[in-house]
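K.L.:
Input target_27.cif, format and content: mmCIF, C-alpha atoms.
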data_coords
loop_
_atom_site.label_atom_id
_atom_site.label_comp_id
_atom_site.auth_asym_id
_atom_site.auth_seq_id
_atom_site.Cartn_x
_atom_site.Cartn_y
_atom_site.Cartn_z
CA MET W 1 -3.89 21.63 -13.76
CA SER W 2 -1.71 19.19 -11.84
CA GLU W 3 -4.14 19.27 -8.90
CA ILE W 4 -6.96 18.23 -11.25
CA GLY W 5 -4.85 15.28 -12.41
CA LYS W 6 -4.22 14.18 -8.84
CA SER W 7 -7.90 14.48 -7.98
CA VAL W 8 -9.00 12.41 -10.98
CA ARG W 9 -6.43 9.70 -10.31
CA MET W 10 -7.17 9.57 -6.58
CA GLU W 11 -10.78 8.70 -7.41
CA ARG W 12 -9.50 5.59 -9.19
CA ILE W 13 -7.87 4.46 -5.94
CA PHE W 14 -10.23 5.68 -3.21
CA ASP W 15 -13.91 4.80 -3.46
CA ARG W 16 -15.77 8.08 -3.98
CA ASN W 17 -18.64 6.99 -1.72
CA THR W 18 -16.68 5.70 1.28
CA GLY W 19 -13.42 7.57 0.79
CA ASN W 20 -11.57 4.34 1.57
CA ALA W 21 -9.30 2.07 -0.48
CA ILE W 22 -8.30 -1.57 -0.78
CA ILE W 23 -4.84 -1.75 -2.35
CA ILE W 24 -3.14 -5.08 -3.04
CA PRO W 25 0.66 -4.75 -3.24
CA MET W 26 2.22 -7.25 -5.65
CA ASP W 27 5.75 -5.84 -5.71
CA HIS W 28 7.27 -8.84 -3.92
CA GLY W 29 8.58 -10.47 -7.12
CA VAL W 30 11.60 -8.17 -7.28
CA GLY W 31 12.58 -8.84 -3.69
CA ALA W 32 11.72 -12.51 -3.40
CA GLY W 33 11.19 -13.86 -6.92
CA PRO W 34 8.18 -15.85 -8.22
CA ILE W 35 6.58 -16.63 -4.86
CA LYS W 36 3.23 -18.31 -4.23
CA GLY W 37 0.39 -16.11 -5.41
CA LEU W 38 2.50 -14.11 -7.87
CA ILE W 39 3.61 -16.80 -10.30
CA ASP W 40 0.60 -16.03 -12.52
CA MET W 41 0.10 -12.32 -11.97
CA PRO W 42 -2.83 -11.79 -14.38
CA SER W 43 -4.79 -14.49 -12.57
CA THR W 44 -4.10 -12.94 -9.16
CA VAL W 45 -4.99 -9.45 -10.39
CA ASN W 46 -8.28 -10.85 -11.67
CA LYS W 47 -9.00 -12.55 -8.34
CA VAL W 48 -8.45 -9.41 -6.26
CA ALA W 49 -10.35 -7.25 -8.75
CA GLU W 50 -13.34 -9.58 -8.66
CA GLY W 51 -13.28 -9.38 -4.87
CA GLY W 52 -13.56 -5.60 -4.97
CA ALA W 53 -9.98 -4.32 -4.70
CA ASN W 54 -9.62 -0.69 -5.72
CA ALA W 55 -6.04 -0.94 -6.93
CA VAL W 56 -3.06 -3.25 -7.35
CA LEU W 57 0.51 -2.11 -6.75
CA GLY W 58 3.64 -3.44 -8.34
CA HIS W 59 6.69 -2.79 -10.49
CA MET W 60 6.70 -2.18 -14.23
CA GLY W 61 6.37 -5.91 -14.87
CA LEU W 62 2.88 -5.77 -13.38
CA ALA W 63 1.85 -3.24 -16.00
CA LYS W 64 3.54 -5.09 -18.85
CA HIS W 65 2.73 -8.68 -17.93
CA GLY W 66 0.10 -8.71 -15.20
CA HIS W 67 -2.47 -5.96 -15.63
CA ARG W 68 -4.80 -7.98 -17.81
CA GLY W 69 -7.34 -6.65 -20.32
CA TYR W 70 -10.34 -8.59 -19.06
CA GLY W 71 -12.59 -8.84 -16.03
CA ARG W 72 -13.36 -6.08 -13.58
CA ASP W 73 -11.26 -2.92 -13.86
CA VAL W 74 -8.81 -2.06 -11.08
CA GLY W 75 -6.48 0.88 -10.45
CA LEU W 76 -2.75 0.61 -11.10
CA ILE W 77 -0.01 1.91 -8.77
CA ILE W 78 3.57 1.58 -10.02
CA HIS W 79 6.21 1.02 -7.34
CA LEU W 80 9.36 3.02 -8.03
CA SER W 81 11.63 1.49 -5.35
CA GLY W 82 13.48 -1.78 -5.56
CA SER W 83 15.93 -4.16 -3.88
CA THR W 84 16.37 -7.93 -3.74
CA ALA W 85 16.76 -10.48 -0.96
CA LEU W 86 20.03 -11.55 -2.60
CA GLY W 87 21.69 -8.16 -2.23
CA PRO W 88 24.01 -7.21 0.64
CA ASP W 89 21.22 -5.18 2.27
CA PRO W 90 17.65 -6.02 1.19
CA ASN W 91 16.39 -2.95 3.05
CA HIS W 92 18.48 -0.62 0.89
CA LYS W 93 15.91 0.69 -1.59
CA VAL W 94 16.81 2.61 -4.74
CA LEU W 95 14.65 4.19 -7.43
CA VAL W 96 14.33 1.79 -10.36
CA THR W 97 11.54 3.55 -12.29
CA THR W 98 10.58 7.17 -12.89
CA VAL W 99 7.28 8.99 -12.55
CA GLU W 100 7.32 9.65 -16.29
CA GLU W 101 7.73 5.96 -17.08
CA ALA W 102 4.79 5.15 -14.80
CA ILE W 103 2.65 7.71 -16.63
CA LYS W 104 3.50 6.07 -19.97
CA VAL W 105 2.05 2.72 -18.84
CA GLY W 106 -1.18 4.31 -17.54
CA ALA W 107 -0.51 4.35 -13.81
CA ASP W 108 -3.04 5.97 -11.50
CA ALA W 109 -0.40 6.57 -8.81
CA VAL W 110 3.19 5.74 -7.89
CA SER W 111 4.77 4.55 -4.65
CA VAL W 112 8.16 4.70 -2.97
CA HIS W 113 9.56 2.83 0.03
CA ILE W 114 11.34 4.51 2.95
CA ASN W 115 12.87 2.79 5.96
CA VAL W 116 12.93 5.54 8.58
CA GLY W 117 15.91 5.04 10.86
CA ALA W 118 17.94 2.88 8.46
CA ASP W 119 21.62 3.58 7.84
CA ASP W 120 20.78 4.83 4.35
CA GLU W 121 17.72 6.79 5.47
CA ALA W 122 19.08 10.03 3.99
CA GLU W 123 19.22 8.59 0.47
CA MET W 124 15.65 7.27 0.69
CA LEU W 125 14.38 10.58 2.06
CA GLN W 126 16.07 12.36 -0.83
CA ASP W 127 14.38 9.97 -3.27
CA LEU W 128 11.01 10.64 -1.63
CA GLY W 129 11.42 14.40 -1.84
CA TYR W 130 12.52 14.22 -5.48
CA THR W 131 9.63 11.94 -6.41
CA ALA W 132 7.10 14.13 -4.61
CA LYS W 133 8.24 17.12 -6.66
CA LYS W 134 7.87 15.16 -9.91
CA CYS W 135 4.43 13.92 -8.85
CA ASP W 136 3.30 17.49 -8.18
CA GLU W 137 4.50 18.52 -11.64
CA TRP W 138 2.61 15.71 -13.38
CA GLY W 139 -0.51 15.51 -11.22
CA MET W 140 0.37 11.99 -10.07
CA PRO W 141 -0.65 10.78 -6.58
CA LEU W 142 2.23 9.52 -4.46
CA LEU W 143 1.97 6.73 -1.90
CA ALA W 144 4.85 6.56 0.58
CA MET W 145 5.50 3.24 2.29
CA THR W 146 7.12 4.46 5.50
CA TYR W 147 8.31 1.93 8.04
CA PRO W 148 10.41 2.46 11.19
CA ARG W 149 13.45 0.24 10.66
CA GLY W 150 16.92 0.75 12.02
CA ALA W 151 19.28 0.35 14.96
CA LYS W 152 17.34 2.81 17.13
CA VAL W 153 13.98 1.17 16.40
CA VAL W 154 13.03 -1.19 19.22
CA SER W 155 9.82 -2.38 17.56
CA GLU W 156 8.45 -1.69 14.09
CA THR W 157 4.93 -1.49 15.53
CA ASP W 158 5.70 0.81 18.49
CA VAL W 159 3.44 3.83 18.19
CA GLU W 160 6.23 6.35 18.81
CA TYR W 161 8.18 5.05 15.82
CA VAL W 162 5.20 4.42 13.57
CA LYS W 163 3.70 7.87 14.00
CA HIS W 164 7.10 9.42 13.29
CA ALA W 165 7.49 7.35 10.12
CA ALA W 166 3.99 8.24 8.92
CA ARG W 167 4.58 11.94 9.53
CA VAL W 168 7.82 11.81 7.54
CA GLY W 169 5.88 10.63 4.49
CA ALA W 170 3.35 13.44 4.75
CA GLU W 171 5.96 16.11 5.48
CA LEU W 172 7.99 15.22 2.40
CA GLY W 173 5.05 15.41 0.02
CA ALA W 174 3.24 12.06 -0.09
CA ASP W 175 -0.49 12.08 -0.80
CA ILE W 176 -1.06 8.70 0.88
CA VAL W 177 0.96 6.95 3.58
CA LYS W 178 1.16 3.21 4.10
CA THR W 179 2.62 2.08 7.41
CA SER W 180 2.50 -0.61 10.07
CA TYR W 181 -0.50 -1.14 12.33
CA THR W 182 0.44 -0.57 15.96
CA GLY W 183 -1.66 -3.45 17.29
CA ASP W 184 -4.62 -1.62 18.82
CA PRO W 185 -6.94 1.25 17.80
CA ASP W 186 -6.07 3.56 20.70
CA SER W 187 -2.39 3.73 19.83
CA PHE W 188 -3.06 3.80 16.09
CA LYS W 189 -5.25 6.87 16.56
CA GLU W 190 -2.06 8.71 17.51
CA VAL W 191 -0.63 7.79 14.09
CA ILE W 192 -3.76 9.02 12.32
CA ASP W 193 -3.94 12.24 14.34
CA GLY W 194 -0.32 13.03 13.56
CA CYS W 195 -0.53 12.45 9.81
CA PRO W 196 -2.35 15.05 7.65
CA VAL W 197 -2.81 12.74 4.64
CA PRO W 198 -4.78 9.47 4.32
CA VAL W 199 -3.17 6.49 6.04
CA VAL W 200 -3.62 2.86 4.96
CA ILE W 201 -2.32 -0.07 6.97
CA ALA W 202 0.12 -2.70 5.79
CA GLY W 203 -0.82 -6.34 6.15
CA GLY W 204 2.22 -7.21 8.24
CA PRO W 205 3.29 -10.82 8.93
CA GLN W 206 1.15 -13.77 7.84
CA MET W 207 -1.90 -14.09 10.08
CA ASP W 208 -3.42 -17.37 11.17
CA THR W 209 -7.06 -16.68 10.28
CA GLU W 210 -9.13 -14.43 8.05
CA LYS W 211 -11.01 -13.20 11.08
CA GLU W 212 -7.78 -11.82 12.56
CA ILE W 213 -7.19 -9.86 9.37
CA LEU W 214 -10.73 -8.49 9.33
CA GLU W 215 -10.59 -7.52 13.00
CA MET W 216 -7.38 -5.59 12.43
CA VAL W 217 -8.89 -3.76 9.47
CA TYR W 218 -12.09 -2.95 11.37
CA ASP W 219 -10.22 -1.63 14.41
CA ALA W 220 -7.99 0.60 12.27
CA LEU W 221 -10.96 2.05 10.38
CA GLN W 222 -12.68 3.04 13.62
CA VAL W 223 -9.98 5.59 14.37
CA GLY W 224 -9.70 7.15 10.92
CA CYS W 225 -7.62 4.76 8.83
CA LYS W 226 -8.61 5.03 5.16
CA GLY W 227 -8.12 1.42 4.14
CA VAL W 228 -5.55 -1.29 3.60
CA ALA W 229 -2.52 -2.05 1.45
CA MET W 230 -2.24 -5.77 2.07
CA GLY W 231 -0.13 -8.20 0.04
CA ARG W 232 0.88 -11.70 1.16
CA ASN W 233 -2.04 -12.13 3.55
CA VAL W 234 -4.29 -11.66 0.52
CA PHE W 235 -2.61 -13.14 -2.55
CA GLN W 236 -1.35 -16.18 -0.62
CA SER W 237 -4.78 -16.83 0.86
CA ASP W 238 -6.51 -20.14 0.12
CA ASN W 239 -9.37 -18.16 -1.41
CA THR W 240 -8.11 -14.75 -2.52
CA THR W 241 -11.35 -13.47 -4.03
CA ARG W 242 -13.38 -14.43 -0.97
CA LEU W 243 -10.94 -12.73 1.39
CA VAL W 244 -10.92 -9.49 -0.63
CA THR W 245 -14.72 -9.59 -0.74
CA ARG W 246 -14.79 -9.86 3.05
CA ILE W 247 -12.26 -7.03 3.44
CA SER W 248 -14.44 -4.93 1.15
CA LYS W 249 -17.44 -5.56 3.41
CA VAL W 250 -15.45 -4.03 6.26
CA VAL W 251 -13.72 -1.22 4.34
CA HIS W 252 -16.64 -0.17 2.15
CA GLY W 253 -19.66 -1.85 3.75
CA GLU W 254 -19.06 -0.76 7.34
CA MET W 255 -19.41 -4.33 8.59
CA THR W 256 -17.73 -5.86 11.61
CA ALA W 257 -15.39 -8.81 11.22
CA ASP W 258 -18.10 -11.23 12.32
CA GLU W 259 -20.62 -9.76 9.87
CA ALA W 260 -18.14 -9.90 7.00
CA MET W 261 -17.47 -13.59 7.70
CA GLU W 262 -21.13 -14.44 7.12
CA ASP W 263 -21.02 -15.39 3.44
#
As structure tokens - that is how I would like this structure written.
P.N.:
Amino acid sequence: MSEIGKSVRMERIFDRNTGNAIIIPMDHGVGAGPIKGLIDMPSTVNKVAEGGANAVLGHMGLAKHGHRGYGRDVGLIIHLSGSTALGPDPNHKVLVTTVEEAIKVGADAVSVHINVGADDEAEMLQDLGYTAKKCDEWGMPLLAMTYPRGAKVVSETDVEYVKHAARVGAELGADIVKTSYTGDPDSFKEVIDGCPVPVVIAGGPQMDTEKEILEMVYDALQVGCKGVAMGRNVFQSDNTTRLVTRISKVVHGEMTADEAMED
């Protein structure tokens, strides 16, 4: 029965026609506080939903205070990991919510954060394995945010590190992996080929133009990426709904960046 639950919930995140997803992470409030774009969470959720986002992702506060009861429906992913920029190590993530608590607020999936290569990697891997087991018991899809970060990591976008991080998520039970884009489709294909579950790309640092964002998304999709999980580049955009609409044209409409820009 748990497999049925996962299948039903996955269809609320991945478009059943394209098999792709547009996820908008809004979990930044715990780490950075009330930043631009997340001060009024219900308004931002409405903007991304109207643009065609498949799901929003955030902590329990998003469910309690931000997942509004109006406008277009959108899936809900509850983030279980947390840390703040004020702590001694902002990259040290701990579990702050349980799978059961996420189920109680109507979540369609949960997510955890793992910094592969960090000093406390072992603790985060243990949390991922524990959460994966709970998700299997309850039929809850699990998204693993796996990033290569640590003393041995020369670059967080180097394909050798990224494909290792992505594989870690899949090996320890994640149903979806979110990771860094390596910068070009040829190298990112190695990440896709080495990961047996759907991969979505993170937005990364702030980009200068919408066209850059759309080109990155298009290139990743050409080699098997299943969508995006993009936060600041979206909710801090000058026109959030327009940008999500354009991303949707690429992710679900099979348009190029240039075609998507033609409003």
K.L.:
Quick check, in Å to one decimal: how far apart do atom CA of Ile77 of chain W and atom CA of Ser111 of chain W lie?
P.N.:
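Distance between the two atoms: 6.8 Å.
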K.L.:
Care to translate the PyMOL selection byres ((chain W and resi 125) around 9) into actual residues of this file, as a PyMOL selection string?
P.N.:
chain W and resi 114-116+120-124+126-130+168-169+172
K.L.:
Would you save the residues from that selection as an mmCIF file, keeping the file's coordinate frame, using C-alpha atoms?
P.N.:
data_model
loop_
_atom_site.group_PDB
_atom_site.id
_atom_site.type_symbol
_atom_site.label_atom_id
_atom_site.label_comp_id
_atom_site.auth_asym_id
_atom_site.auth_seq_id
_atom_site.Cartn_x
_atom_site.Cartn_y
_atom_site.Cartn_z
ATOM 1 C CA ILE W 114 11.340 4.510 2.950
ATOM 2 C CA ASN W 115 12.870 2.790 5.960
ATOM 3 C CA VAL W 116 12.930 5.540 8.580
ATOM 4 C CA ASP W 120 20.780 4.830 4.350
ATOM 5 C CA GLU W 121 17.720 6.790 5.470
ATOM 6 C CA ALA W 122 19.080 10.030 3.990
ATOM 7 C CA GLU W 123 19.220 8.590 0.470
ATOM 8 C CA MET W 124 15.650 7.270 0.690
ATOM 9 C CA GLN W 126 16.070 12.360 -0.830
ATOM 10 C CA ASP W 127 14.380 9.970 -3.270
ATOM 11 C CA LEU W 128 11.010 10.640 -1.630
ATOM 12 C CA GLY W 129 11.420 14.400 -1.840
ATOM 13 C CA TYR W 130 12.520 14.220 -5.480
ATOM 14 C CA VAL W 168 7.820 11.810 7.540
ATOM 15 C CA GLY W 169 5.880 10.630 4.490
ATOM 16 C CA LEU W 172 7.990 15.220 2.400
#
K.L.:
With all atoms listed in the file as the counted atoms, please give the residues lying no more than 6 Å from Cys225 of chain W, apart from itself and same-chain residues fewer than 4 positions off, as a CSV table (one decimal) with C-alpha atoms, keeping the file's coordinate frame.
P.N.:
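Printed below is selection.csv as written:
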chain,number,residue,atom,x,y,z
W,199,VAL,CA,-3.2,6.5,6.0
W,200,VAL,CA,-3.6,2.9,5.0
W,220,ALA,CA,-8.0,0.6,12.3
W,221,LEU,CA,-11.0,2.0,10.4
K.L.:
Could you state the separation of atom CA of Glu190 of chain W and atom CA of Glu210 of chain W in Å, given to one decimal place?
P.N.:
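Computing it gives 26.0 Å between the two atoms.
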K.L.:
For each of W:Asp219, W:Glu259, W:Glu101, W:Glu160, take the minimum atom-to-atom distance to Lys64 of chain W, counting all atoms listed in the file, then give the residue where this is smallest.
P.N.:
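Closest to Lys64 of chain W of all the choices is W:Glu101.
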K.L.:
Using all atoms listed in the file, which protein or nucleic acid residues come within 12 Å of Asn20 of chain W? Drop anything in the same chain fewer than 6 positions from it, and give the result as a ChimeraX atom specification.
P.N.:
/W:10-14,53-55,176,198-201,217,220-221,224-229,247-254
K.L.:
Go ahead and save the residues from that selection, with C-alpha atoms, as an mmCIF file, keeping the file's coordinate frame.
P.N.:
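Output saved as selection.cif:
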data_model
loop_
_atom_site.group_PDB
_atom_site.id
_atom_site.type_symbol
_atom_site.label_atom_id
_atom_site.label_comp_id
_atom_site.auth_asym_id
_atom_site.auth_seq_id
_atom_site.Cartn_x
_atom_site.Cartn_y
_atom_site.Cartn_z
ATOM 1 C CA MET W 10 -7.170 9.570 -6.580
ATOM 2 C CA GLU W 11 -10.780 8.700 -7.410
ATOM 3 C CA ARG W 12 -9.500 5.590 -9.190
ATOM 4 C CA ILE W 13 -7.870 4.460 -5.940
ATOM 5 C CA PHE W 14 -10.230 5.680 -3.210
ATOM 6 C CA ALA W 53 -9.980 -4.320 -4.700
ATOM 7 C CA ASN W 54 -9.620 -0.690 -5.720
ATOM 8 C CA ALA W 55 -6.040 -0.940 -6.930
ATOM 9 C CA ILE W 176 -1.060 8.700 0.880
ATOM 10 C CA PRO W 198 -4.780 9.470 4.320
ATOM 11 C CA VAL W 199 -3.170 6.490 6.040
ATOM 12 C CA VAL W 200 -3.620 2.860 4.960
ATOM 13 C CA ILE W 201 -2.320 -0.070 6.970
ATOM 14 C CA VAL W 217 -8.890 -3.760 9.470
ATOM 15 C CA ALA W 220 -7.990 0.600 12.270
ATOM 16 C CA LEU W 221 -10.960 2.050 10.380
ATOM 17 C CA GLY W 224 -9.700 7.150 10.920
ATOM 18 C CA CYS W 225 -7.620 4.760 8.830
ATOM 19 C CA LYS W 226 -8.610 5.030 5.160
ATOM 20 C CA GLY W 227 -8.120 1.420 4.140
ATOM 21 C CA VAL W 228 -5.550 -1.290 3.600
ATOM 22 C CA ALA W 229 -2.520 -2.050 1.450
ATOM 23 C CA ILE W 247 -12.260 -7.030 3.440
ATOM 24 C CA SER W 248 -14.440 -4.930 1.150
ATOM 25 C CA LYS W 249 -17.440 -5.560 3.410
ATOM 26 C CA VAL W 250 -15.450 -4.030 6.260
ATOM 27 C CA VAL W 251 -13.720 -1.220 4.340
ATOM 28 C CA HIS W 252 -16.640 -0.170 2.150
ATOM 29 C CA GLY W 253 -19.660 -1.850 3.750
ATOM 30 C CA GLU W 254 -19.060 -0.760 7.340
#
K.L.:
Hey, which of W:Thr179, W:Thr18, W:Asn91, W:Thr241 ends up closest to Thr146 of chain W? Count only C-alpha atoms.
P.N.:
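Closest candidate: W:Thr179.
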K.L.:
Up to 10 Å from (0.2, -4.6, -11.6) in the file's coordinates: name the residues, counting only C-alpha atoms, as an MDAnalysis selection string.
P.N.:
chainID W and resid 24:27 41:42 44:45 55:68 74:79 107
K.L.:
How would the residues just picked look written out with C-alpha atoms as a CSV table (one decimal), in the coordinates of the input?
P.N.:
chain,number,residue,atom,x,y,z
W,24,ILE,CA,-3.1,-5.1,-3.0
W,25,PRO,CA,0.7,-4.8,-3.2
W,26,MET,CA,2.2,-7.2,-5.6
W,27,ASP,CA,5.8,-5.8,-5.7
W,41,MET,CA,0.1,-12.3,-12.0
W,42,PRO,CA,-2.8,-11.8,-14.4
W,44,THR,CA,-4.1,-12.9,-9.2
W,45,VAL,CA,-5.0,-9.4,-10.4
W,55,ALA,CA,-6.0,-0.9,-6.9
W,56,VAL,CA,-3.1,-3.2,-7.4
W,57,LEU,CA,0.5,-2.1,-6.8
W,58,GLY,CA,3.6,-3.4,-8.3
W,59,HIS,CA,6.7,-2.8,-10.5
W,60,MET,CA,6.7,-2.2,-14.2
W,61,GLY,CA,6.4,-5.9,-14.9
W,62,LEU,CA,2.9,-5.8,-13.4
W,63,ALA,CA,1.8,-3.2,-16.0
W,64,LYS,CA,3.5,-5.1,-18.8
W,65,HIS,CA,2.7,-8.7,-17.9
W,66,GLY,CA,0.1,-8.7,-15.2
W,67,HIS,CA,-2.5,-6.0,-15.6
W,68,ARG,CA,-4.8,-8.0,-17.8
W,74,VAL,CA,-8.8,-2.1,-11.1
W,75,GLY,CA,-6.5,0.9,-10.4
W,76,LEU,CA,-2.8,0.6,-11.1
W,77,ILE,CA,0.0,1.9,-8.8
W,78,ILE,CA,3.6,1.6,-10.0
W,79,HIS,CA,6.2,1.0,-7.3
W,107,ALA,CA,-0.5,4.4,-13.8
K.L.:
Could you check how far atom CA of Ile213 of chain W sits from atom CA of Val197 of chain W, in Å to one decimal?
P.N.:
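So the two atoms, atom CA of Ile213 of chain W and atom CA of Val197 of chain W, lie 23.5 Å apart.
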K.L.:
Point out the residue among W:Asp108, W:Glu212, W:Thr157, W:Ala118 with the least atom-to-atom distance to Asp258 of chain W, counting only C-alpha atoms.
P.N.:
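Nearest candidate to Asp258 of chain W out of W:Asp108, W:Glu212, W:Thr157, W:Ala118: W:Glu212.
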K.L.:
Given the file shown, determine the residues that the PyMOL selection byres ((chain W and resi 139) around 9) selects; report them as JSON, numbers by chain.
P.N.:
{"W": [1, 2, 3, 4, 5, 6, 7, 9, 134, 135, 136, 137, 138, 140, 141]}
K.L.:
When you count all atoms listed in the file, which of these residues is closest to Leu80 of chain W: W:Val159, W:Ala174, W:Ile23, W:Val99?
P.N.:
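For Leu80 of chain W, the nearest of the given residues is W:Val99.
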K.L.:
Nearest residue to Lys47 of chain W out of W:Pro148, W:Pro34, W:Gly71, W:Gly183, using only C-alpha atoms?
P.N.:
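Checking each candidate against Lys47 of chain W, we get W:Gly71 as the closest.
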K.L.:
Just save segment 90-102 of chain W with C-alpha atoms, as a tab-separated table (two decimals), in the first residue's frame.
P.N.:
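So the final result, stored in part_13.tsv, reads:
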chain	number	residue	atom	x	y	z
W	90	PRO	CA	25.32	27.05	8.92
W	91	ASN	CA	26.05	23.93	6.86
W	92	HIS	CA	25.40	21.66	9.84
W	93	LYS	CA	21.86	20.44	9.14
W	94	VAL	CA	19.72	18.61	11.69
W	95	LEU	CA	16.24	17.13	11.46
W	96	VAL	CA	13.71	19.61	12.83
W	97	THR	CA	10.49	17.93	11.65
W	98	THR	CA	9.35	14.33	11.25
W	99	VAL	CA	7.70	12.53	8.36
W	100	GLU	CA	4.63	11.98	10.53
W	101	GLU	CA	4.31	15.70	11.26
W	102	ALA	CA	4.55	16.45	7.54
